[in-house]
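Student: The structure that follows is given in the form of structure tokens.
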Protein chains: 2
Amino acid sequence: MDELLFDVFARNCPSRETMEHATGRWGTLALVALRDGTTRFNALRRRVDGISEKMLSQTLQALERDGLVLREARPTIPPHVEYSLTPLGAAVAGQLFGLIELLEGRMPEVIAARETYDAR
Amino acid sequence: MDELLFDVFARNCPSRETMEHATGRWGTLALVALRDGTTRFNALRRRVDGISEKMLSQTLQALERDGLVLREARPTIPPHVEYSLTPLGAAVAGQLFGLIELLEGRMPEVIAARETYDAR
DNA sequence: CGGTATCCGTACTGATACTG
DNA sequence: CAGTATCAGTACGGATACCG
């Protein structure tokens with residue numbers, strides 16, 4: 001663990017900040033949704049169930065700022081804006097998707113654990 | 001993506017809930033800290049910089065309930081409580097650590113992206 | 001269509017104090 | 001040591017309305 005350049009456990013670690021953007025409630029879902037390919041704002045909004053316009057906007061801005069997401073706006077009327085993953089974003093999204101797969105595959109264990117825990 | 005049992009993108013998906021526990025602000029740090037081995041409450045608290053007793057307690061309870069963390073209390077005075085990863089928790093923590101490594105290794109890209117973004 | 005601005009409730013957060 | 005209880009602040013999040 002000590003061979004890492006930054007210490008995620010430390011308060012003001014820049015990687016901890018980016019981690020929070022990527023693993024936050026909406027960040028993960030946005031990144032994983034973009035693995036399916038370039039997507040427009042409202043399509044993304046429909047894909048990620050429950051996200052508001054505001055949160056999607058904020059999430060995408062944070063991810064764009066960190067260089068995980070690429071935003072391309074065409075100056076047409078009506079506006080046409082496309083979001084996609086940068087190479088770095090694709091790597092992060094892949095890792096996150098691995099986590100989702102892992103968890104989904106083992107949800108029976110999780111559910112069983114919850115029942116055991118709650119039976120007290 | 002459709003081959004998954006649950007749909008993380010859906011609002012009331014049980015895996016989305018567990019994802020949020022594991023990837024939440026403190027969940028990730030607690031899980032990764034426990035990769036170093038069985039740890040006591042206050043040791044964990046010192047390791048994860050900035051976490052309050054309350055948040056650590058809540059975080060550990062959520063992870064224990066999901067079957068990611070094992071809590072073992074010895075009825076001594078003073079109390080001696082040890083936290084460790086379950087096999088499932090270890091798998092999740094490993095995946096999260098992979099993400100941290102990835103991000104730490106590429107922080108220069110992130111920092112550069114931020115500077116580009118802010119220069120507008 | 002793709003946002004931003006505003007309002008407003010609540011849920012999270014951290015200090016502090018206290019207990020077994 | 002390992003928590004719980006209580007409380008005040010804030011930042012998160014959603015709904016709505018509006019703009020280019």
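Ordering of the structure tokens sets the chain letters (A, B, ...), residue numbers begin anew at 1 in every chain, and ligands are numbered from 1 in the order given.
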Skip DC18 in chain D itself and residues of its chain fewer than 2 positions away, then list as a PyMOL selection string all residues within 10 Å of it, counting only C-alpha atoms (C1' of nucleotides).

Tutor: (chain C and resi 4-6) or (chain D and resi 16)

Student: Can you provide chain B as a CSV table (one decimal) with N, CA, C and O atoms, in the first residue's frame, superposed onto chain A by least squares across all C-alpha atoms matched in order?

Tutor:
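Contents of result_7.csv, as written:
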```csv
chain,number,residue,atom,x,y,z
B,1,MET,N,0.9,-1.2,0.0
B,1,MET,CA,0.1,0.0,0.0
B,1,MET,C,0.9,1.2,0.0
B,1,MET,O,0.6,2.2,-0.6
B,2,ASP,N,2.1,1.1,0.6
B,2,ASP,CA,2.9,2.3,0.7
B,2,ASP,C,3.6,2.7,-0.6
B,2,ASP,O,4.2,3.7,-0.7
B,3,GLU,N,3.5,1.7,-1.5
B,3,GLU,CA,4.2,2.1,-2.8
B,3,GLU,C,3.4,3.0,-3.7
B,3,GLU,O,3.8,3.4,-4.7
B,4,LEU,N,2.2,3.4,-3.2
B,4,LEU,CA,1.4,4.3,-4.0
B,4,LEU,C,1.9,5.7,-3.8
B,4,LEU,O,2.5,6.1,-2.8
B,5,LEU,N,1.7,6.5,-4.9
B,5,LEU,CA,2.2,7.9,-4.9
B,5,LEU,C,1.5,8.7,-3.9
B,5,LEU,O,2.0,9.5,-3.1
B,6,PHE,N,0.1,8.6,-3.9
B,6,PHE,CA,-0.7,9.4,-3.0
B,6,PHE,C,-1.3,8.5,-1.9
B,6,PHE,O,-1.4,7.3,-2.1
B,7,ASP,N,-1.7,9.0,-0.8
B,7,ASP,CA,-2.3,8.2,0.2
B,7,ASP,C,-3.8,8.5,0.3
B,7,ASP,O,-4.2,9.5,0.8
B,8,VAL,N,-4.6,7.6,-0.3
B,8,VAL,CA,-6.0,7.8,-0.3
B,8,VAL,C,-6.6,8.0,1.0
B,8,VAL,O,-7.7,8.5,1.2
B,9,PHE,N,-5.9,7.4,2.0
B,9,PHE,CA,-6.5,7.5,3.4
B,9,PHE,C,-6.4,8.9,3.9
B,9,PHE,O,-7.1,9.3,4.9
B,10,ALA,N,-5.6,9.7,3.3
B,10,ALA,CA,-5.4,11.1,3.8
B,10,ALA,C,-6.5,12.0,3.3
B,10,ALA,O,-7.0,11.9,2.2
B,11,ARG,N,-6.8,12.9,4.2
B,11,ARG,CA,-7.9,13.9,4.0
B,11,ARG,C,-7.8,14.6,2.6
B,11,ARG,O,-8.7,14.5,1.8
B,12,ASN,N,-6.7,15.3,2.4
B,12,ASN,CA,-6.7,16.1,1.2
B,12,ASN,C,-5.9,15.5,0.0
B,12,ASN,O,-5.1,16.1,-0.6
B,13,CYS,N,-6.2,14.2,-0.2
B,13,CYS,CA,-5.5,13.5,-1.3
B,13,CYS,C,-6.3,13.7,-2.5
B,13,CYS,O,-7.5,13.5,-2.6
B,14,PRO,N,-5.6,14.2,-3.6
B,14,PRO,CA,-6.3,14.4,-4.9
B,14,PRO,C,-7.0,13.2,-5.4
B,14,PRO,O,-8.0,13.3,-6.1
B,15,SER,N,-6.4,12.0,-5.2
B,15,SER,CA,-7.0,10.8,-5.8
B,15,SER,C,-8.3,10.5,-5.0
B,15,SER,O,-9.2,9.9,-5.6
B,16,ARG,N,-8.3,10.8,-3.8
B,16,ARG,CA,-9.5,10.5,-3.0
B,16,ARG,C,-10.7,11.3,-3.5
B,16,ARG,O,-11.8,10.8,-3.6
B,17,GLU,N,-10.4,12.5,-4.0
B,17,GLU,CA,-11.4,13.4,-4.6
B,17,GLU,C,-12.0,12.8,-5.9
B,17,GLU,O,-13.2,12.7,-6.1
B,18,THR,N,-11.1,12.4,-6.7
B,18,THR,CA,-11.5,11.8,-8.0
B,18,THR,C,-12.2,10.4,-7.7
B,18,THR,O,-13.2,10.1,-8.4
B,19,MET,N,-11.7,9.7,-6.8
B,19,MET,CA,-12.4,8.5,-6.4
B,19,MET,C,-13.9,8.8,-6.0
B,19,MET,O,-14.8,8.0,-6.4
B,20,GLU,N,-14.1,9.8,-5.3
B,20,GLU,CA,-15.4,10.1,-4.9
B,20,GLU,C,-16.3,10.5,-6.1
B,20,GLU,O,-17.5,10.2,-6.1
B,21,HIS,N,-15.7,11.2,-7.1
B,21,HIS,CA,-16.5,11.5,-8.3
B,21,HIS,C,-16.8,10.2,-9.0
B,21,HIS,O,-18.0,10.0,-9.5
B,22,ALA,N,-15.9,9.3,-9.1
B,22,ALA,CA,-16.1,8.1,-9.9
B,22,ALA,C,-17.0,7.1,-9.2
B,22,ALA,O,-17.8,6.4,-9.8
B,23,THR,N,-16.8,7.0,-7.9
B,23,THR,CA,-17.6,6.0,-7.2
B,23,THR,C,-18.8,6.6,-6.5
B,23,THR,O,-19.5,5.8,-5.8
B,24,GLY,N,-19.0,7.9,-6.6
B,24,GLY,CA,-20.2,8.5,-6.0
B,24,GLY,C,-21.5,7.8,-6.6
B,24,GLY,O,-21.5,7.1,-7.5
B,25,ARG,N,-22.6,8.2,-5.9
B,25,ARG,CA,-23.9,7.6,-6.2
B,25,ARG,C,-24.2,7.6,-7.7
B,25,ARG,O,-24.6,6.6,-8.3
B,26,TRP,N,-24.0,8.8,-8.3
B,26,TRP,CA,-24.3,8.9,-9.8
B,26,TRP,C,-23.1,8.7,-10.7
B,26,TRP,O,-23.3,8.3,-11.8
B,27,GLY,N,-21.9,9.0,-10.2
B,27,GLY,CA,-20.7,8.9,-11.0
B,27,GLY,C,-20.5,7.5,-11.6
B,27,GLY,O,-20.3,7.3,-12.8
B,28,THR,N,-20.7,6.5,-10.7
B,28,THR,CA,-20.5,5.1,-11.2
B,28,THR,C,-21.5,4.8,-12.3
B,28,THR,O,-21.2,4.3,-13.3
B,29,LEU,N,-22.8,5.2,-12.1
B,29,LEU,CA,-23.8,4.8,-13.0
B,29,LEU,C,-23.6,5.5,-14.3
B,29,LEU,O,-23.8,5.0,-15.4
B,30,ALA,N,-23.2,6.8,-14.3
B,30,ALA,CA,-22.9,7.6,-15.5
B,30,ALA,C,-21.8,6.9,-16.3
B,30,ALA,O,-21.9,6.7,-17.5
B,31,LEU,N,-20.7,6.6,-15.6
B,31,LEU,CA,-19.5,6.1,-16.3
B,31,LEU,C,-19.9,4.7,-16.9
B,31,LEU,O,-19.5,4.4,-18.1
B,32,VAL,N,-20.6,3.9,-16.2
B,32,VAL,CA,-20.9,2.5,-16.7
B,32,VAL,C,-21.9,2.6,-17.8
B,32,VAL,O,-21.8,1.9,-18.8
B,33,ALA,N,-22.8,3.6,-17.7
B,33,ALA,CA,-23.8,3.8,-18.8
B,33,ALA,C,-23.0,4.2,-20.1
B,33,ALA,O,-23.4,3.7,-21.2
B,34,LEU,N,-22.0,5.0,-20.0
B,34,LEU,CA,-21.3,5.4,-21.1
B,34,LEU,C,-20.4,4.4,-21.8
B,34,LEU,O,-19.9,4.5,-22.9
B,35,ARG,N,-20.2,3.2,-21.1
B,35,ARG,CA,-19.5,2.1,-21.7
B,35,ARG,C,-20.3,1.6,-23.0
B,35,ARG,O,-19.7,1.0,-23.9
B,36,ASP,N,-21.6,1.9,-23.0
B,36,ASP,CA,-22.3,1.4,-24.2
B,36,ASP,C,-22.1,2.3,-25.4
B,36,ASP,O,-22.6,2.0,-26.5
B,37,GLY,N,-21.3,3.4,-25.2
B,37,GLY,CA,-21.0,4.2,-26.3
B,37,GLY,C,-21.4,5.6,-26.1
B,37,GLY,O,-22.1,6.0,-25.1
B,38,THR,N,-21.1,6.5,-27.0
B,38,THR,CA,-21.4,7.9,-27.0
B,38,THR,C,-22.9,8.1,-26.8
B,38,THR,O,-23.7,7.4,-27.5
B,39,THR,N,-23.3,8.9,-25.9
B,39,THR,CA,-24.7,9.1,-25.5
B,39,THR,C,-25.0,10.6,-25.3
B,39,THR,O,-24.2,11.3,-24.8
B,40,ARG,N,-26.2,10.9,-25.6
B,40,ARG,CA,-26.7,12.3,-25.5
B,40,ARG,C,-27.2,12.5,-24.1
B,40,ARG,O,-27.6,11.5,-23.4
B,41,PHE,N,-27.3,13.7,-23.7
B,41,PHE,CA,-27.7,14.1,-22.3
B,41,PHE,C,-29.0,13.4,-21.9
B,41,PHE,O,-29.1,12.7,-20.9
B,42,ASN,N,-30.1,13.6,-22.7
B,42,ASN,CA,-31.4,13.1,-22.2
B,42,ASN,C,-31.4,11.5,-22.3
B,42,ASN,O,-32.2,10.9,-21.6
B,43,ALA,N,-30.7,11.0,-23.2
B,43,ALA,CA,-30.6,9.5,-23.3
B,43,ALA,C,-30.0,9.0,-22.0
B,43,ALA,O,-30.5,8.0,-21.5
B,44,LEU,N,-28.9,9.6,-21.6
B,44,LEU,CA,-28.2,9.3,-20.4
B,44,LEU,C,-29.2,9.4,-19.2
B,44,LEU,O,-29.2,8.5,-18.3
B,45,ARG,N,-30.0,10.4,-19.2
B,45,ARG,CA,-30.9,10.7,-18.2
B,45,ARG,C,-32.0,9.6,-18.1
B,45,ARG,O,-32.3,9.2,-17.0
B,46,ARG,N,-32.4,9.1,-19.2
B,46,ARG,CA,-33.4,8.0,-19.2
B,46,ARG,C,-32.7,6.7,-18.7
B,46,ARG,O,-33.4,5.9,-18.1
B,47,ARG,N,-31.5,6.5,-19.1
B,47,ARG,CA,-30.8,5.3,-18.8
B,47,ARG,C,-30.6,5.2,-17.3
B,47,ARG,O,-30.8,4.1,-16.7
B,48,VAL,N,-30.1,6.2,-16.7
B,48,VAL,CA,-29.9,6.2,-15.2
B,48,VAL,C,-31.1,6.6,-14.5
B,48,VAL,O,-31.4,7.7,-14.2
B,49,ASP,N,-31.8,5.6,-14.1
B,49,ASP,CA,-33.1,5.7,-13.4
B,49,ASP,C,-33.0,6.5,-12.1
B,49,ASP,O,-32.3,6.2,-11.2
B,50,GLY,N,-33.8,7.6,-12.1
B,50,GLY,CA,-33.9,8.3,-10.8
B,50,GLY,C,-33.0,9.6,-10.7
B,50,GLY,O,-33.1,10.3,-9.8
B,51,ILE,N,-32.1,9.7,-11.7
B,51,ILE,CA,-31.3,10.9,-11.7
B,51,ILE,C,-32.0,12.2,-12.2
B,51,ILE,O,-32.8,12.1,-13.1
B,52,SER,N,-31.8,13.3,-11.5
B,52,SER,CA,-32.4,14.5,-12.0
B,52,SER,C,-31.5,15.2,-13.0
B,52,SER,O,-30.3,14.9,-13.0
B,53,GLU,N,-32.1,16.2,-13.7
B,53,GLU,CA,-31.3,16.9,-14.7
B,53,GLU,C,-30.1,17.5,-14.0
B,53,GLU,O,-29.0,17.5,-14.5
B,54,LYS,N,-30.4,18.1,-12.8
B,54,LYS,CA,-29.3,18.8,-12.1
B,54,LYS,C,-28.2,17.9,-11.7
B,54,LYS,O,-27.0,18.3,-11.9
B,55,MET,N,-28.5,16.8,-11.1
B,55,MET,CA,-27.5,15.9,-10.7
B,55,MET,C,-26.7,15.3,-11.9
B,55,MET,O,-25.5,15.2,-11.8
B,56,LEU,N,-27.4,15.0,-13.0
B,56,LEU,CA,-26.7,14.5,-14.1
B,56,LEU,C,-25.7,15.5,-14.7
B,56,LEU,O,-24.5,15.2,-15.0
B,57,SER,N,-26.2,16.7,-14.7
B,57,SER,CA,-25.3,17.8,-15.2
B,57,SER,C,-24.1,18.0,-14.3
B,57,SER,O,-23.0,18.0,-14.8
B,58,GLN,N,-24.3,18.0,-13.0
B,58,GLN,CA,-23.2,18.2,-12.1
B,58,GLN,C,-22.2,17.0,-12.2
B,58,GLN,O,-21.0,17.2,-12.1
B,59,THR,N,-22.8,15.8,-12.2
B,59,THR,CA,-22.0,14.6,-12.3
B,59,THR,C,-21.1,14.6,-13.5
B,59,THR,O,-19.9,14.4,-13.4
B,60,LEU,N,-21.7,14.9,-14.7
B,60,LEU,CA,-20.9,14.9,-15.9
B,60,LEU,C,-19.9,16.0,-15.9
B,60,LEU,O,-18.8,15.8,-16.4
B,61,GLN,N,-20.2,17.2,-15.3
B,61,GLN,CA,-19.2,18.2,-15.3
B,61,GLN,C,-18.0,17.8,-14.4
B,61,GLN,O,-16.8,18.1,-14.8
B,62,ALA,N,-18.2,17.2,-13.3
B,62,ALA,CA,-17.1,16.7,-12.4
B,62,ALA,C,-16.3,15.7,-13.2
B,62,ALA,O,-15.0,15.8,-13.1
B,63,LEU,N,-16.9,14.8,-13.9
B,63,LEU,CA,-16.2,13.7,-14.6
B,63,LEU,C,-15.4,14.3,-15.8
B,63,LEU,O,-14.3,13.8,-16.1
B,64,GLU,N,-16.0,15.3,-16.4
B,64,GLU,CA,-15.3,15.9,-17.5
B,64,GLU,C,-14.1,16.7,-17.0
B,64,GLU,O,-13.0,16.6,-17.6
B,65,ARG,N,-14.3,17.3,-15.9
B,65,ARG,CA,-13.2,18.1,-15.3
B,65,ARG,C,-12.0,17.2,-14.9
B,65,ARG,O,-10.8,17.5,-15.1
B,66,ASP,N,-12.3,16.0,-14.5
B,66,ASP,CA,-11.3,15.0,-14.1
B,66,ASP,C,-10.7,14.3,-15.3
B,66,ASP,O,-9.8,13.4,-15.1
B,67,GLY,N,-11.2,14.6,-16.5
B,67,GLY,CA,-10.7,13.9,-17.7
B,67,GLY,C,-11.2,12.5,-17.9
B,67,GLY,O,-10.6,11.7,-18.6
B,68,LEU,N,-12.3,12.2,-17.3
B,68,LEU,CA,-12.9,10.8,-17.4
B,68,LEU,C,-13.9,10.8,-18.5
B,68,LEU,O,-14.2,9.7,-19.1
B,69,VAL,N,-14.5,11.9,-18.8
B,69,VAL,CA,-15.6,12.0,-19.7
B,69,VAL,C,-15.3,13.1,-20.7
B,69,VAL,O,-14.8,14.2,-20.4
B,70,LEU,N,-15.6,12.9,-22.0
B,70,LEU,CA,-15.5,13.9,-23.0
B,70,LEU,C,-16.8,14.4,-23.4
B,70,LEU,O,-17.7,13.7,-23.7
B,71,ARG,N,-16.9,15.7,-23.5
B,71,ARG,CA,-18.2,16.4,-23.8
B,71,ARG,C,-18.0,17.1,-25.2
B,71,ARG,O,-17.1,17.9,-25.4
B,72,GLU,N,-18.8,16.8,-26.1
B,72,GLU,CA,-18.7,17.4,-27.5
B,72,GLU,C,-20.0,18.0,-27.8
B,72,GLU,O,-21.0,17.3,-28.0
B,73,ALA,N,-20.0,19.3,-27.9
B,73,ALA,CA,-21.3,20.1,-28.3
B,73,ALA,C,-21.2,20.6,-29.7
B,73,ALA,O,-20.2,21.2,-30.1
B,74,ARG,N,-22.3,20.3,-30.5
B,74,ARG,CA,-22.3,20.8,-31.8
B,74,ARG,C,-23.3,22.0,-31.8
B,74,ARG,O,-24.4,21.9,-31.3
B,75,PRO,N,-22.8,23.1,-32.3
B,75,PRO,CA,-23.5,24.4,-32.2
B,75,PRO,C,-24.7,24.4,-33.2
B,75,PRO,O,-24.8,25.3,-34.0
B,76,THR,N,-25.6,23.5,-33.0
B,76,THR,CA,-26.8,23.5,-33.9
B,76,THR,C,-28.0,23.9,-33.1
B,76,THR,O,-27.9,24.1,-31.9
B,77,ILE,N,-29.1,24.1,-33.8
B,77,ILE,CA,-30.4,24.4,-33.1
B,77,ILE,C,-31.4,23.3,-33.6
B,77,ILE,O,-31.7,23.2,-34.8
B,78,PRO,N,-31.9,22.5,-32.7
B,78,PRO,CA,-31.6,22.5,-31.3
B,78,PRO,C,-30.2,21.9,-31.0
B,78,PRO,O,-29.7,21.2,-31.8
B,79,PRO,N,-29.7,22.2,-29.8
B,79,PRO,CA,-28.3,21.8,-29.4
B,79,PRO,C,-28.2,20.3,-29.5
B,79,PRO,O,-29.1,19.5,-29.2
B,80,HIS,N,-27.0,19.8,-29.8
B,80,HIS,CA,-26.7,18.4,-29.9
B,80,HIS,C,-25.4,18.2,-29.1
B,80,HIS,O,-24.3,18.6,-29.6
B,81,VAL,N,-25.5,17.6,-27.9
B,81,VAL,CA,-24.3,17.4,-27.1
B,81,VAL,C,-24.1,15.9,-26.8
B,81,VAL,O,-25.1,15.2,-26.5
B,82,GLU,N,-22.9,15.4,-27.1
B,82,GLU,CA,-22.6,14.0,-26.9
B,82,GLU,C,-21.6,13.8,-25.8
B,82,GLU,O,-20.6,14.5,-25.8
B,83,TYR,N,-21.8,12.8,-25.0
B,83,TYR,CA,-20.9,12.4,-24.0
B,83,TYR,C,-20.3,11.1,-24.3
B,83,TYR,O,-21.0,10.2,-24.7
B,84,SER,N,-19.0,11.0,-24.0
B,84,SER,CA,-18.3,9.7,-24.2
B,84,SER,C,-17.2,9.5,-23.2
B,84,SER,O,-16.8,10.5,-22.5
B,85,LEU,N,-16.6,8.3,-23.1
B,85,LEU,CA,-15.5,8.1,-22.2
B,85,LEU,C,-14.2,8.4,-22.8
B,85,LEU,O,-14.0,8.1,-24.0
B,86,THR,N,-13.3,9.0,-22.1
B,86,THR,CA,-11.9,9.1,-22.5
B,86,THR,C,-11.3,7.8,-22.3
B,86,THR,O,-11.9,6.9,-21.6
B,87,PRO,N,-10.1,7.6,-22.8
B,87,PRO,CA,-9.4,6.3,-22.5
B,87,PRO,C,-9.3,6.1,-21.0
B,87,PRO,O,-9.6,4.9,-20.5
B,88,LEU,N,-8.9,7.1,-20.2
B,88,LEU,CA,-8.9,7.0,-18.8
B,88,LEU,C,-10.2,6.6,-18.2
B,88,LEU,O,-10.4,5.7,-17.4
B,89,GLY,N,-11.3,7.3,-18.7
B,89,GLY,CA,-12.6,7.0,-18.2
B,89,GLY,C,-13.0,5.6,-18.5
B,89,GLY,O,-13.7,5.0,-17.7
B,90,ALA,N,-12.6,5.1,-19.7
B,90,ALA,CA,-13.0,3.8,-20.0
B,90,ALA,C,-12.3,2.8,-19.1
B,90,ALA,O,-13.0,1.8,-18.7
B,91,ALA,N,-11.1,3.1,-18.7
B,91,ALA,CA,-10.4,2.2,-17.8
B,91,ALA,C,-11.1,2.2,-16.4
B,91,ALA,O,-11.4,1.1,-15.9
B,92,VAL,N,-11.5,3.3,-16.0
B,92,VAL,CA,-12.1,3.5,-14.7
B,92,VAL,C,-13.5,2.8,-14.8
B,92,VAL,O,-13.9,2.0,-13.9
B,93,ALA,N,-14.2,3.0,-15.8
B,93,ALA,CA,-15.6,2.4,-16.0
B,93,ALA,C,-15.5,0.9,-16.1
B,93,ALA,O,-16.3,0.2,-15.5
B,94,GLY,N,-14.4,0.4,-16.7
B,94,GLY,CA,-14.2,-1.0,-16.8
B,94,GLY,C,-14.0,-1.6,-15.4
B,94,GLY,O,-14.6,-2.7,-15.0
B,95,GLN,N,-13.2,-1.0,-14.6
B,95,GLN,CA,-13.0,-1.4,-13.2
B,95,GLN,C,-14.3,-1.4,-12.4
B,95,GLN,O,-14.6,-2.3,-11.7
B,96,LEU,N,-15.0,-0.3,-12.6
B,96,LEU,CA,-16.3,-0.2,-11.9
B,96,LEU,C,-17.3,-1.3,-12.3
B,96,LEU,O,-18.0,-1.9,-11.5
B,97,PHE,N,-17.3,-1.6,-13.6
B,97,PHE,CA,-18.2,-2.6,-14.1
B,97,PHE,C,-17.8,-4.0,-13.6
B,97,PHE,O,-18.6,-4.8,-13.2
B,98,GLY,N,-16.5,-4.2,-13.4
B,98,GLY,CA,-16.0,-5.4,-12.8
B,98,GLY,C,-16.6,-5.6,-11.4
B,98,GLY,O,-17.0,-6.6,-11.0
B,99,LEU,N,-16.6,-4.5,-10.7
B,99,LEU,CA,-17.2,-4.5,-9.3
B,99,LEU,C,-18.7,-4.8,-9.3
B,99,LEU,O,-19.2,-5.6,-8.5
B,100,ILE,N,-19.4,-4.2,-10.3
B,100,ILE,CA,-20.8,-4.4,-10.4
B,100,ILE,C,-21.1,-5.9,-10.7
B,100,ILE,O,-21.9,-6.6,-10.1
B,101,GLU,N,-20.3,-6.4,-11.6
B,101,GLU,CA,-20.5,-7.9,-12.0
B,101,GLU,C,-20.2,-8.8,-10.8
B,101,GLU,O,-21.0,-9.7,-10.5
B,102,LEU,N,-19.1,-8.4,-10.1
B,102,LEU,CA,-18.8,-9.2,-8.9
B,102,LEU,C,-19.9,-9.2,-7.9
B,102,LEU,O,-20.4,-10.3,-7.4
B,103,LEU,N,-20.4,-8.0,-7.6
B,103,LEU,CA,-21.5,-7.9,-6.6
B,103,LEU,C,-22.8,-8.5,-7.1
B,103,LEU,O,-23.5,-9.2,-6.3
B,104,GLU,N,-23.1,-8.3,-8.4
B,104,GLU,CA,-24.4,-8.9,-8.9
B,104,GLU,C,-24.3,-10.4,-8.8
B,104,GLU,O,-25.3,-11.1,-8.5
B,105,GLY,N,-23.2,-11.0,-9.1
B,105,GLY,CA,-23.0,-12.4,-9.1
B,105,GLY,C,-23.1,-13.0,-7.7
B,105,GLY,O,-23.5,-14.1,-7.5
B,106,ARG,N,-22.9,-12.1,-6.7
B,106,ARG,CA,-22.9,-12.7,-5.4
B,106,ARG,C,-24.0,-12.0,-4.5
B,106,ARG,O,-23.9,-12.1,-3.3
B,107,MET,N,-24.9,-11.5,-5.1
B,107,MET,CA,-26.0,-10.9,-4.4
B,107,MET,C,-26.8,-11.9,-3.5
B,107,MET,O,-27.2,-11.5,-2.4
B,108,PRO,N,-26.9,-13.1,-3.9
B,108,PRO,CA,-27.5,-14.1,-3.0
B,108,PRO,C,-26.8,-14.1,-1.6
B,108,PRO,O,-27.5,-14.2,-0.6
B,109,GLU,N,-25.5,-14.1,-1.7
B,109,GLU,CA,-24.8,-14.0,-0.4
B,109,GLU,C,-25.1,-12.8,0.4
B,109,GLU,O,-25.3,-12.8,1.6
B,110,VAL,N,-25.2,-11.7,-0.3
B,110,VAL,CA,-25.5,-10.4,0.4
B,110,VAL,C,-26.9,-10.5,1.0
B,110,VAL,O,-27.0,-10.1,2.2
B,111,ILE,N,-27.8,-10.9,0.2
B,111,ILE,CA,-29.2,-11.0,0.7
B,111,ILE,C,-29.3,-12.0,1.9
B,111,ILE,O,-29.9,-11.6,2.9
B,112,ALA,N,-28.6,-13.1,1.8
B,112,ALA,CA,-28.6,-14.0,2.9
B,112,ALA,C,-28.0,-13.4,4.2
B,112,ALA,O,-28.5,-13.5,5.3
B,113,ALA,N,-26.9,-12.7,4.0
B,113,ALA,CA,-26.2,-12.0,5.1
B,113,ALA,C,-27.1,-11.0,5.8
B,113,ALA,O,-27.2,-10.9,7.0
B,114,ARG,N,-27.9,-10.3,5.0
B,114,ARG,CA,-28.8,-9.3,5.5
B,114,ARG,C,-29.9,-10.0,6.4
B,114,ARG,O,-30.2,-9.5,7.4
B,115,GLU,N,-30.4,-11.1,5.9
B,115,GLU,CA,-31.4,-11.8,6.6
B,115,GLU,C,-30.9,-12.2,8.0
B,115,GLU,O,-31.5,-12.1,9.0
B,116,THR,N,-29.7,-12.8,7.9
B,116,THR,CA,-29.0,-13.2,9.2
B,116,THR,C,-28.9,-12.1,10.1
B,116,THR,O,-29.2,-12.2,11.3
B,117,TYR,N,-28.4,-11.0,9.6
B,117,TYR,CA,-28.1,-9.8,10.4
B,117,TYR,C,-29.4,-9.2,11.0
B,117,TYR,O,-29.5,-8.9,12.2
B,118,ASP,N,-30.4,-9.2,10.2
B,118,ASP,CA,-31.7,-8.6,10.7
B,118,ASP,C,-32.4,-9.5,11.7
B,118,ASP,O,-33.3,-9.0,12.4
B,119,ALA,N,-32.1,-10.8,11.6
B,119,ALA,CA,-32.8,-11.7,12.5
B,119,ALA,C,-32.2,-11.6,13.9
B,119,ALA,O,-31.9,-12.6,14.6
B,120,ARG,N,-32.0,-10.4,14.4
B,120,ARG,CA,-31.5,-10.1,15.7
B,120,ARG,C,-32.0,-8.8,16.2
B,120,ARG,O,-32.0,-7.8,15.4
```

Student: I need the alpha helix (DSSP H) residues of range 25-88 of chain B per DSSP on the backbone, written as a count of residues only.

Tutor: 32

Student: Hey, what does DSSP flag as strand (DSSP E or B) within chain A? Can you give it to me as a PyMOL selection string?

Tutor: chain A and resi 39-40+69-74+80-85

Student: Keeping only N, CA and C atoms, write those residues as a compact mmCIF listing (two decimals), in the first residue's frame.

Tutor:
```
# COMPACT_ATOMS: atom_id res chain seq x y z
N THR A 39 -23.25 8.94 -25.88
CA THR A 39 -24.65 9.10 -25.52
C THR A 39 -24.99 10.57 -25.31
N ARG A 40 -26.19 10.91 -25.65
CA ARG A 40 -26.64 12.28 -25.46
C ARG A 40 -27.21 12.49 -24.06
N VAL A 69 -14.54 11.92 -18.77
CA VAL A 69 -15.62 12.01 -19.75
C VAL A 69 -15.32 13.13 -20.74
N LEU A 70 -15.64 12.87 -22.00
CA LEU A 70 -15.46 13.89 -23.04
C LEU A 70 -16.81 14.44 -23.44
N ARG A 71 -16.91 15.75 -23.47
CA ARG A 71 -18.16 16.40 -23.85
C ARG A 71 -17.96 17.10 -25.20
N GLU A 72 -18.82 16.77 -26.15
CA GLU A 72 -18.72 17.40 -27.46
C GLU A 72 -20.05 18.02 -27.83
N ALA A 73 -20.05 19.33 -27.94
CA ALA A 73 -21.27 20.06 -28.27
C ALA A 73 -21.21 20.56 -29.70
N ARG A 74 -22.26 20.28 -30.45
CA ARG A 74 -22.35 20.84 -31.80
C ARG A 74 -23.29 22.03 -31.77
N HIS A 80 -26.99 19.84 -29.84
CA HIS A 80 -26.70 18.42 -29.90
C HIS A 80 -25.41 18.18 -29.12
N VAL A 81 -25.52 17.56 -27.94
CA VAL A 81 -24.35 17.34 -27.09
C VAL A 81 -24.15 15.86 -26.85
N GLU A 82 -22.92 15.42 -27.07
CA GLU A 82 -22.61 14.01 -26.90
C GLU A 82 -21.57 13.81 -25.82
N TYR A 83 -21.81 12.80 -25.02
CA TYR A 83 -20.85 12.45 -23.98
C TYR A 83 -20.25 11.08 -24.30
N SER A 84 -18.95 10.98 -24.05
CA SER A 84 -18.29 9.68 -24.23
C SER A 84 -17.18 9.53 -23.21
N LEU A 85 -16.64 8.33 -23.12
CA LEU A 85 -15.55 8.08 -22.19
C LEU A 85 -14.22 8.41 -22.83
```

Student: Kindly determine which residues of chain C lie within 12 Å of chain B, considering only C-alpha atoms (C1' of nucleotides), and give the answer as a list in words.

Tutor: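 Every residue of chain C that passes the 12 Å test is in DC12, DT13, DG14, DA15, DT16 and DG20 of chain C.
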
Student: Quick one: which residues from chain D are at most 10 Å off chain B, using only C-alpha atoms (C1' of nucleotides), as an NGL selection string?

Tutor: :D and (1-4)
